[in-house]
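The next block holds one structure in the form of structure tokens; read it before the comments.
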Amino acid sequence: MSECGLEKRQFGHRARLALSPAEVLKTDDQAHAARTMWNCLHAWWQMMPKEKRTLANADAAIRQARKDIDFLAVLPAQAAQAVLKTYFQAWKNCWDGRADAPNFKGRLRTVMSVDVPQGRDLNIVRVHRRWGMANIPKVGRVRFRWTKDLPVGKHAGAENRITGARLVKDALGWHIAFRVQTLEAKPEPHAGPEVGIDVGINVPIALSDGETYEHGEWLTAKEKARLLHLERCAAQRKQHRRPGERTSRRLHRTYDQIAGLRAKAKRRALDWQHRTTTVIARQYGTVVVEALTITNMVKSAKGTAEKPGMNVAQKSGLNRSISGEAWGRTVTMLAYKTARFGGTLHKVPAPNTSRRCSACGLITSGSRESQAMFVCKNPDCGWSGNADHNAARNILYLYRMGLVLVPAAGRAVVRRAKRVKPAAAR
């Protein structure tokens, strides 16, 4: 195949590390040093005049800080440079309107991470069918779970290689996230059919052709009972703690166990989302979803002291269910997976997709009889079916009508495609 039919692609692969207690302490120290380095940079940024906030001056500042503060020396020099570049990139993202302004990183609310910018420093070797080994600067040779073939050894080259990695700690322990660059063939345009997708709570994913994708509970009954027991224990121990008293090691241990169970549930949810979105991206050439503003959908209903809200407990439960389904993450996965398989993803306006009848196109009061049932009250129609299926058909109809949201000047606007004939019976 000629080079014109190839393209570079970068992706990440995350694997669990098997660290000894001594290695865990070393990695924790590096993560705390990286967080402190970020905070020092932020304090320097606020103190310096605008004309002196340059990359060269910041580099000199962190070099001096590594000499003055002893425990910052545990952080490798290249990892410190990565903190510097990440901080400046955070300000660029803020100026471009893609993120909020960077701030100080707290000890408890910050994800612990350490960057390994150079892939050659890792020296990755596969030692077993299920295990590989990598070199972590100032930690040593460590093992990680080999769950995906990586371009190492004779399989590595200038175009297919590991460009770096990042160590990340969550409730399940330390993981390593590799940054992989590969040279792949450009995907041919996907010739699959068009499909509209409606996301929900009772039915997580419903397609316009009648297909649905559902999942069970992320935790078993025994794990749920264990989680409830731990949460009650934590609440009781916290209740007996005096104001200003430090959290006991027993309570910290309980918090870690709670976080471990929740992380296990999230990992299972991620696995289901990856499998489901891959199936959809392979089967359909055009995927259409709603442009949902999820942050507004999960706002609290408690109101104010002067005007208290109604059904606050019910709205709180609904918000938890919406957040648990992670609709935004599903759309993000569909976006890059459809592009990988040669398909396209489009977004259409969300209002009234669940209230409009997909057969007659009218909005009639009372048609949504229940969460799962839609019966059109239009005397000339009377169509009935699953409510999620009806919404998915409406989403696909909006795309065929040309009502597609496109980015313009940092906001989403509706554009009607030219020379698009209205769809007939849906």
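Note on naming: chains are A, B, ... as they come in the structure tokens, residues start from 1 per chain, ligands start from 1 in the order shown.
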Residues near A:Phe71, anyone? I mean within 12 Å using only C-alpha atoms, not counting same-chain ones fewer than 2 positions away, as a list in words.
Lys26, Asp28, Asp29, Gln30, Ala31, His32, Ala33, Ala34, Arg35, Thr36, Met37, Ala65, Arg66, Lys67, Asp68, Ile69, Ala73, Val74, Leu75 and Pro76 of chain A
I'd like the contact shell of A:Glu159 - 7 Å cut-off, only C-alpha atoms, skipping same-chain residues fewer than 6 positions apart - returned as a PyMOL selection string.
chain A and resi 181-183
Save out the residues we just selected, all heavy atoms, as a PDB file, in the first residue's frame.
```
ATOM      1  N   GLN A 181       1.873   5.645  19.033  1.00  0.00           N
ATOM      2  CA  GLN A 181       1.743   6.227  17.686  1.00  0.00           C
ATOM      3  C   GLN A 181       1.904   5.113  16.669  1.00  0.00           C
ATOM      4  O   GLN A 181       2.888   4.381  16.682  1.00  0.00           O
ATOM      5  CB  GLN A 181       2.807   7.301  17.463  1.00  0.00           C
ATOM      6  CG  GLN A 181       2.821   7.877  16.060  1.00  0.00           C
ATOM      7  CD  GLN A 181       3.944   8.870  15.854  1.00  0.00           C
ATOM      8  OE1 GLN A 181       3.975   9.908  16.499  1.00  0.00           O
ATOM      9  NE2 GLN A 181       4.884   8.547  14.974  1.00  0.00           N
ATOM     10  N   THR A 182       0.932   4.969  15.794  1.00  0.00           N
ATOM     11  CA  THR A 182       0.951   3.914  14.788  1.00  0.00           C
ATOM     12  C   THR A 182       0.665   4.508  13.416  1.00  0.00           C
ATOM     13  O   THR A 182       0.109   5.598  13.289  1.00  0.00           O
ATOM     14  CB  THR A 182      -0.091   2.825  15.097  1.00  0.00           C
ATOM     15  OG1 THR A 182      -1.398   3.409  15.093  1.00  0.00           O
ATOM     16  CG2 THR A 182       0.175   2.181  16.443  1.00  0.00           C
ATOM     17  N   LEU A 183       1.034   3.757  12.394  1.00  0.00           N
ATOM     18  CA  LEU A 183       0.759   4.117  11.012  1.00  0.00           C
ATOM     19  C   LEU A 183      -0.252   3.115  10.477  1.00  0.00           C
ATOM     20  O   LEU A 183       0.042   1.922  10.352  1.00  0.00           O
ATOM     21  CB  LEU A 183       2.048   4.085  10.184  1.00  0.00           C
ATOM     22  CG  LEU A 183       1.985   4.722   8.792  1.00  0.00           C
ATOM     23  CD1 LEU A 183       1.734   6.218   8.905  1.00  0.00           C
ATOM     24  CD2 LEU A 183       3.271   4.452   8.032  1.00  0.00           C
TER      25      LEU A 183
END
```
Got a sec to tell me which of stretch 246-394 of chain A DSSP assigns to strand (DSSP E or B), as an MDAnalysis selection string?
chainID A and resid 286:290 303 308 344:348 356 363 368 373:375 384:386
Using all heavy atoms, can you write the selected residues to a file as a short mmCIF file (atom, residue, chain, number, x, y, z; two decimals), in the first residue's frame?
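Once everything was written out, this is part_35.cif:
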```cif
data_model
loop_
_atom_site.label_atom_id
_atom_site.label_comp_id
_atom_site.auth_asym_id
_atom_site.auth_seq_id
_atom_site.Cartn_x
_atom_site.Cartn_y
_atom_site.Cartn_z
N THR A 286 -23.48 6.15 9.46
CA THR A 286 -23.85 7.48 9.96
C THR A 286 -24.61 7.31 11.26
O THR A 286 -25.64 6.64 11.30
CB THR A 286 -24.73 8.24 8.94
OG1 THR A 286 -24.02 8.35 7.71
CG2 THR A 286 -25.08 9.61 9.46
N VAL A 287 -24.09 7.91 12.31
CA VAL A 287 -24.69 7.82 13.63
C VAL A 287 -25.15 9.21 14.03
O VAL A 287 -24.38 10.18 13.94
CB VAL A 287 -23.68 7.26 14.66
CG1 VAL A 287 -24.31 7.21 16.05
CG2 VAL A 287 -23.20 5.87 14.24
N VAL A 288 -26.39 9.33 14.47
CA VAL A 288 -26.98 10.61 14.84
C VAL A 288 -27.41 10.54 16.30
O VAL A 288 -28.09 9.60 16.71
CB VAL A 288 -28.19 10.96 13.95
CG1 VAL A 288 -28.64 12.39 14.20
CG2 VAL A 288 -27.86 10.75 12.48
N VAL A 289 -27.00 11.54 17.08
CA VAL A 289 -27.35 11.60 18.50
C VAL A 289 -27.91 12.98 18.81
O VAL A 289 -27.83 13.91 18.01
CB VAL A 289 -26.11 11.32 19.38
CG1 VAL A 289 -25.59 9.91 19.15
CG2 VAL A 289 -25.02 12.34 19.14
N GLU A 290 -28.47 13.11 20.01
CA GLU A 290 -28.97 14.39 20.48
C GLU A 290 -27.83 15.24 21.05
O GLU A 290 -26.89 14.71 21.63
CB GLU A 290 -30.02 14.19 21.57
CG GLU A 290 -31.30 13.53 21.11
CD GLU A 290 -32.24 13.30 22.28
OE1 GLU A 290 -31.94 12.44 23.13
OE2 GLU A 290 -33.27 13.99 22.35
N GLY A 303 -33.53 24.58 45.07
CA GLY A 303 -33.91 25.98 45.03
C GLY A 303 -33.20 26.81 46.08
O GLY A 303 -32.07 26.51 46.48
N PRO A 308 -38.04 27.42 47.88
CA PRO A 308 -37.53 26.02 47.89
C PRO A 308 -38.12 25.21 46.75
O PRO A 308 -39.25 25.45 46.29
CB PRO A 308 -37.99 25.50 49.25
CG PRO A 308 -39.16 26.35 49.62
CD PRO A 308 -38.89 27.71 49.03
N THR A 344 -19.40 8.60 10.28
CA THR A 344 -19.53 9.98 10.75
C THR A 344 -20.53 10.02 11.89
O THR A 344 -21.47 9.21 11.96
CB THR A 344 -19.99 10.93 9.63
OG1 THR A 344 -21.23 10.43 9.07
CG2 THR A 344 -18.94 11.05 8.55
N LEU A 345 -20.34 10.99 12.78
CA LEU A 345 -21.25 11.23 13.89
C LEU A 345 -21.82 12.64 13.76
O LEU A 345 -21.09 13.59 13.52
CB LEU A 345 -20.53 11.08 15.22
CG LEU A 345 -21.37 11.37 16.46
CD1 LEU A 345 -22.27 10.18 16.77
CD2 LEU A 345 -20.50 11.68 17.67
N HIS A 346 -23.14 12.77 13.92
CA HIS A 346 -23.81 14.06 13.82
C HIS A 346 -24.68 14.27 15.05
O HIS A 346 -25.19 13.31 15.64
CB HIS A 346 -24.67 14.14 12.56
CG HIS A 346 -23.89 13.94 11.30
ND1 HIS A 346 -23.18 14.95 10.68
CD2 HIS A 346 -23.69 12.83 10.53
CE1 HIS A 346 -22.59 14.48 9.60
NE2 HIS A 346 -22.89 13.20 9.48
N LYS A 347 -24.86 15.54 15.40
CA LYS A 347 -25.72 15.91 16.53
C LYS A 347 -26.86 16.77 16.02
O LYS A 347 -26.67 17.64 15.16
CB LYS A 347 -24.93 16.68 17.59
CG LYS A 347 -23.87 15.84 18.28
CD LYS A 347 -23.17 16.64 19.39
CE LYS A 347 -22.12 15.79 20.09
NZ LYS A 347 -21.45 16.54 21.19
N VAL A 348 -28.04 16.54 16.58
CA VAL A 348 -29.23 17.29 16.21
C VAL A 348 -29.82 17.91 17.47
O VAL A 348 -29.53 17.47 18.58
CB VAL A 348 -30.27 16.38 15.51
CG1 VAL A 348 -29.71 15.83 14.21
CG2 VAL A 348 -30.70 15.26 16.44
N ARG A 356 -42.59 14.22 20.19
CA ARG A 356 -43.12 14.20 18.83
C ARG A 356 -43.38 12.76 18.39
O ARG A 356 -42.60 11.85 18.67
CB ARG A 356 -42.16 14.88 17.88
CG ARG A 356 -42.65 14.94 16.43
CD ARG A 356 -41.57 15.44 15.50
NE ARG A 356 -41.22 16.83 15.78
CZ ARG A 356 -40.06 17.22 16.28
NH1 ARG A 356 -39.14 16.31 16.58
NH2 ARG A 356 -39.79 18.49 16.50
N ILE A 363 -46.95 16.88 17.73
CA ILE A 363 -46.79 16.81 19.19
C ILE A 363 -48.17 16.95 19.80
O ILE A 363 -48.81 18.02 19.70
CB ILE A 363 -45.85 17.92 19.70
CG1 ILE A 363 -44.47 17.79 19.06
CG2 ILE A 363 -45.74 17.87 21.22
CD1 ILE A 363 -43.53 18.91 19.45
N ARG A 368 -47.09 10.63 25.59
CA ARG A 368 -46.11 9.86 26.37
C ARG A 368 -46.83 9.31 27.60
O ARG A 368 -46.84 9.92 28.67
CB ARG A 368 -44.94 10.77 26.76
CG ARG A 368 -43.79 10.05 27.44
CD ARG A 368 -43.00 9.21 26.46
NE ARG A 368 -41.89 8.53 27.12
CZ ARG A 368 -40.65 9.00 27.16
NH1 ARG A 368 -40.37 10.16 26.56
NH2 ARG A 368 -39.70 8.34 27.76
N MET A 373 -43.71 3.72 27.17
CA MET A 373 -44.76 3.58 26.15
C MET A 373 -45.12 4.93 25.57
O MET A 373 -45.29 5.92 26.28
CB MET A 373 -46.01 2.93 26.76
CG MET A 373 -46.97 2.42 25.72
SD MET A 373 -46.25 1.07 24.77
CE MET A 373 -47.51 0.84 23.51
N PHE A 374 -45.24 4.96 24.23
CA PHE A 374 -45.67 6.16 23.51
C PHE A 374 -46.88 5.77 22.67
O PHE A 374 -46.81 4.86 21.84
CB PHE A 374 -44.54 6.69 22.62
CG PHE A 374 -44.87 7.98 21.94
CD1 PHE A 374 -44.51 9.18 22.51
CD2 PHE A 374 -45.55 8.00 20.72
CE1 PHE A 374 -44.81 10.40 21.89
CE2 PHE A 374 -45.86 9.20 20.10
CZ PHE A 374 -45.49 10.41 20.69
N VAL A 375 -48.00 6.49 22.88
CA VAL A 375 -49.23 6.28 22.10
C VAL A 375 -49.68 7.63 21.58
O VAL A 375 -50.04 8.53 22.36
CB VAL A 375 -50.33 5.63 22.95
CG1 VAL A 375 -51.59 5.45 22.11
CG2 VAL A 375 -49.88 4.30 23.52
N SER A 384 -48.43 3.59 18.08
CA SER A 384 -47.98 3.24 19.43
C SER A 384 -46.71 2.40 19.31
O SER A 384 -46.50 1.67 18.34
CB SER A 384 -49.06 2.46 20.18
OG SER A 384 -49.33 1.22 19.54
N GLY A 385 -45.88 2.55 20.30
CA GLY A 385 -44.63 1.79 20.33
C GLY A 385 -43.78 2.22 21.50
O GLY A 385 -44.21 2.98 22.38
N ASN A 386 -42.58 1.71 21.51
CA ASN A 386 -41.65 2.04 22.59
C ASN A 386 -41.26 3.50 22.51
O ASN A 386 -40.95 4.02 21.43
CB ASN A 386 -40.42 1.14 22.50
CG ASN A 386 -39.46 1.38 23.65
OD1 ASN A 386 -38.57 2.21 23.57
ND2 ASN A 386 -39.65 0.64 24.74
#
```
Near A:His42, counting only C-alpha atoms, which residues have an atom at most 9 Å away, once you skip same-chain residues fewer than 5 positions from it, shown as a ChimeraX atom specification?
/A:37,47,87,102-104
File dump, residues just selected, N, CA and C atoms, as a PDB file, in the first residue's frame:
```pdb
ATOM      1  N   MET A  37       5.071  20.750  42.544  1.00  0.00           N
ATOM      2  CA  MET A  37       5.679  21.528  41.471  1.00  0.00           C
ATOM      3  C   MET A  37       4.629  22.364  40.740  1.00  0.00           C
ATOM      4  N   MET A  47       2.505  35.676  41.049  1.00  0.00           N
ATOM      5  CA  MET A  47       3.391  36.679  41.620  1.00  0.00           C
ATOM      6  C   MET A  47       4.097  37.500  40.540  1.00  0.00           C
ATOM      7  N   TYR A  87       1.289  22.866  32.487  1.00  0.00           N
ATOM      8  CA  TYR A  87       0.749  24.084  33.103  1.00  0.00           C
ATOM      9  C   TYR A  87       0.557  25.183  32.058  1.00  0.00           C
ATOM     10  N   PRO A 102      -6.394  27.375  35.256  1.00  0.00           N
ATOM     11  CA  PRO A 102      -5.790  26.423  36.194  1.00  0.00           C
ATOM     12  C   PRO A 102      -5.758  26.991  37.598  1.00  0.00           C
ATOM     13  N   ASN A 103      -5.743  26.095  38.580  1.00  0.00           N
ATOM     14  CA  ASN A 103      -5.792  26.497  39.977  1.00  0.00           C
ATOM     15  C   ASN A 103      -4.876  25.601  40.781  1.00  0.00           C
ATOM     16  N   PHE A 104      -4.785  25.861  42.073  1.00  0.00           N
ATOM     17  CA  PHE A 104      -3.975  25.021  42.937  1.00  0.00           C
ATOM     18  C   PHE A 104      -4.561  23.609  43.001  1.00  0.00           C
TER      19      PHE A 104
END
```
Residue with smallest distance to A:Leu167 - pool A:Met112, A:Ala185, A:Ala134, A:Ala18, counting only C-alpha atoms
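Answer, going by the shortest atom-to-atom distance: A:Met112.
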May I have all residues of stretch 214-267 of chain A that DSSP, computed from the backbone, assigns to alpha helix (DSSP H), given as a ChimeraX atom specification?
/A:221-239,249-267
Quick one: residues within 12 Å of stretch 124-128 of chain A, only C-alpha atoms, excluding same-chain residues fewer than 2 positions away - as a ChimeraX atom specification?
/A:119-122,130-136,141-156,161-165,176,178
If I take atom CA of A:Ala259 and atom CA of A:Gly324, how far is one from the other in Å, to one decimal?
15.1 Å
Could you tell me how far atom CA of A:Ala265 lies from atom CA of A:Leu219, in Å and to one decimal?
5.9 Å
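Using only C-alpha atoms, the shortest contact distance between A:Gln89 and any of A:Met333, A:Leu55, A:Ala291, A:Met310 is found at A:Leu55.
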Restricting to only C-alpha atoms, whichever of A:Val24, A:Ile294, A:Leu227, A:Ala80 is closest to A:Trp327 is A:Ile294
Please, what distance in Å, to one decimal, runs between atom CA of A:Ser365 and atom CA of A:Asp388?
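Going from atom CA of A:Ser365 over to atom CA of A:Asp388 covers 17.3 Å.
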Considering only C-alpha atoms, return as a list in words whatever protein or nucleic-acid residues lie within 10 Å of A:Glu217, sequence-local ones (same chain, fewer than 4 positions apart) excluded.
Ala221, Lys224, Ala265, Arg268 and Ala269 of chain A
Can I get the selection written as an mmCIF file, in the first residue's frame, with C-alpha atoms?
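New file again24.cif:
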```cif
data_model
loop_
_atom_site.group_PDB
_atom_site.id
_atom_site.type_symbol
_atom_site.label_atom_id
_atom_site.label_comp_id
_atom_site.auth_asym_id
_atom_site.auth_seq_id
_atom_site.Cartn_x
_atom_site.Cartn_y
_atom_site.Cartn_z
ATOM 1 C CA ALA A 221 -26.029 -7.958 45.396
ATOM 2 C CA LYS A 224 -23.962 -3.646 47.065
ATOM 3 C CA ALA A 265 -18.417 -0.438 39.112
ATOM 4 C CA ARG A 268 -17.430 -2.470 34.383
ATOM 5 C CA ALA A 269 -19.446 0.448 32.988
#
```
Which of these residues is nearest to A:Ala177, using only C-alpha atoms: A:Pro189, A:Pro379, A:Gly12, A:Gly361?
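With only C-alpha atoms as the atom set, the closest residue is A:Gly12.
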